[in-house]
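Single-structure report; data block below.
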Amino acid sequence: QCGPSVFSIVLVCLPYYLRFKQCIADYRETRLKRHLWNSLKYLTSYPTIYISHMITARRRDLELFWFLALTVNFIFSLTWDI
């Protein structure tokens, strides 16, 4: 049976990290605050990913926190993208 690993967290977080860095670079170049707001969208992904990893590692007591983090990420992503 394969368990969760730190490598899997890094692998899942990598696209969000790269996109976050791109948003910060865009902000530094243009000074438009919308790039900072867009970067927050990617930052809200990290708690969801980490808590999912912990739940996979048999920490069922974190399911409420996972649901809250997922809801914040969903609402932020939905409102920003639309």
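A note on labels: chains of the structure tokens are A, B, ... as shown, every chain counts residues from 1, and ligands are counted from 1 in their shown order.
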Using only C-alpha atoms, determine which residues lie at most 12 Å from segment 21-28 of chain A, disregarding the query and same-chain residues fewer than 3 positions distant; provide the list as number ranges by chain. A: 14-18, 31-43
Identify, on the basis of only C-alpha atoms, every residue whose closest approach to Ile9 of chain A does not exceed 8 Å; exclude the query and any residue fewer than 6 positions from it along the same chain; express the result as a ChimeraX atom specification. /A:49-50,53
DSSP alpha helix (DSSP H) selection over segment 2-59 of chain A, as an MDAnalysis selection string: chainID A and resid 6:30 33:43 45:56
What's the 9 Å shell around Glu63 of chain A, counting only C-alpha atoms, without same-chain residues fewer than 4 positions away, as a PyMOL selection string? chain A and resi 51-52+55+59+67-68
Please save all heavy atoms of the selected residues as a PDB file, in the first residue's frame.
ATOM      1  N   ILE A  51      -4.014  19.778   3.789  1.00  0.00           N
ATOM      2  CA  ILE A  51      -4.995  19.079   4.623  1.00  0.00           C
ATOM      3  C   ILE A  51      -5.452  17.789   3.936  1.00  0.00           C
ATOM      4  O   ILE A  51      -5.655  16.766   4.594  1.00  0.00           O
ATOM      5  CB  ILE A  51      -6.180  19.995   4.972  1.00  0.00           C
ATOM      6  CG1 ILE A  51      -5.688  21.168   5.838  1.00  0.00           C
ATOM      7  CG2 ILE A  51      -7.261  19.227   5.703  1.00  0.00           C
ATOM      8  CD1 ILE A  51      -6.721  22.255   6.054  1.00  0.00           C
ATOM      9  N   SER A  52      -5.582  17.803   2.623  1.00  0.00           N
ATOM     10  CA  SER A  52      -5.913  16.570   1.896  1.00  0.00           C
ATOM     11  C   SER A  52      -4.846  15.511   2.133  1.00  0.00           C
ATOM     12  O   SER A  52      -5.162  14.328   2.323  1.00  0.00           O
ATOM     13  CB  SER A  52      -6.032  16.848   0.403  1.00  0.00           C
ATOM     14  OG  SER A  52      -7.101  17.695   0.120  1.00  0.00           O
ATOM     15  N   ILE A  55      -5.324  14.147   5.632  1.00  0.00           N
ATOM     16  CA  ILE A  55      -6.482  13.245   5.709  1.00  0.00           C
ATOM     17  C   ILE A  55      -6.141  11.898   5.090  1.00  0.00           C
ATOM     18  O   ILE A  55      -6.514  10.849   5.612  1.00  0.00           O
ATOM     19  CB  ILE A  55      -7.715  13.888   5.035  1.00  0.00           C
ATOM     20  CG1 ILE A  55      -8.236  15.033   5.899  1.00  0.00           C
ATOM     21  CG2 ILE A  55      -8.814  12.857   4.816  1.00  0.00           C
ATOM     22  CD1 ILE A  55      -9.331  15.848   5.247  1.00  0.00           C
ATOM     23  N   ARG A  59      -5.765  11.240   9.121  1.00  0.00           N
ATOM     24  CA  ARG A  59      -6.125  12.283  10.093  1.00  0.00           C
ATOM     25  C   ARG A  59      -7.537  12.753   9.793  1.00  0.00           C
ATOM     26  O   ARG A  59      -7.769  13.838   9.291  1.00  0.00           O
ATOM     27  CB  ARG A  59      -5.155  13.473   9.985  1.00  0.00           C
ATOM     28  CG  ARG A  59      -3.765  13.221  10.492  1.00  0.00           C
ATOM     29  CD  ARG A  59      -3.677  13.179  12.012  1.00  0.00           C
ATOM     30  NE  ARG A  59      -4.366  14.274  12.674  1.00  0.00           N
ATOM     31  CZ  ARG A  59      -3.804  15.417  12.998  1.00  0.00           C
ATOM     32  NH1 ARG A  59      -2.545  15.653  12.719  1.00  0.00           N
ATOM     33  NH2 ARG A  59      -4.510  16.341  13.630  1.00  0.00           N
ATOM     34  N   PHE A  67     -12.833  20.988   4.450  1.00  0.00           N
ATOM     35  CA  PHE A  67     -14.034  21.516   3.810  1.00  0.00           C
ATOM     36  C   PHE A  67     -14.022  23.046   3.799  1.00  0.00           C
ATOM     37  O   PHE A  67     -14.350  23.670   2.789  1.00  0.00           O
ATOM     38  CB  PHE A  67     -15.287  21.000   4.516  1.00  0.00           C
ATOM     39  CG  PHE A  67     -16.558  21.497   3.902  1.00  0.00           C
ATOM     40  CD1 PHE A  67     -17.020  20.967   2.701  1.00  0.00           C
ATOM     41  CD2 PHE A  67     -17.285  22.513   4.511  1.00  0.00           C
ATOM     42  CE1 PHE A  67     -18.186  21.447   2.120  1.00  0.00           C
ATOM     43  CE2 PHE A  67     -18.446  22.986   3.949  1.00  0.00           C
ATOM     44  CZ  PHE A  67     -18.898  22.457   2.743  1.00  0.00           C
ATOM     45  N   LEU A  68     -13.620  23.658   4.903  1.00  0.00           N
ATOM     46  CA  LEU A  68     -13.551  25.123   4.962  1.00  0.00           C
ATOM     47  C   LEU A  68     -12.496  25.672   4.001  1.00  0.00           C
ATOM     48  O   LEU A  68     -12.741  26.654   3.294  1.00  0.00           O
ATOM     49  CB  LEU A  68     -13.259  25.576   6.392  1.00  0.00           C
ATOM     50  CG  LEU A  68     -14.367  25.318   7.402  1.00  0.00           C
ATOM     51  CD1 LEU A  68     -13.899  25.661   8.813  1.00  0.00           C
ATOM     52  CD2 LEU A  68     -15.622  26.089   7.045  1.00  0.00           C
TER      53      LEU A  68
END
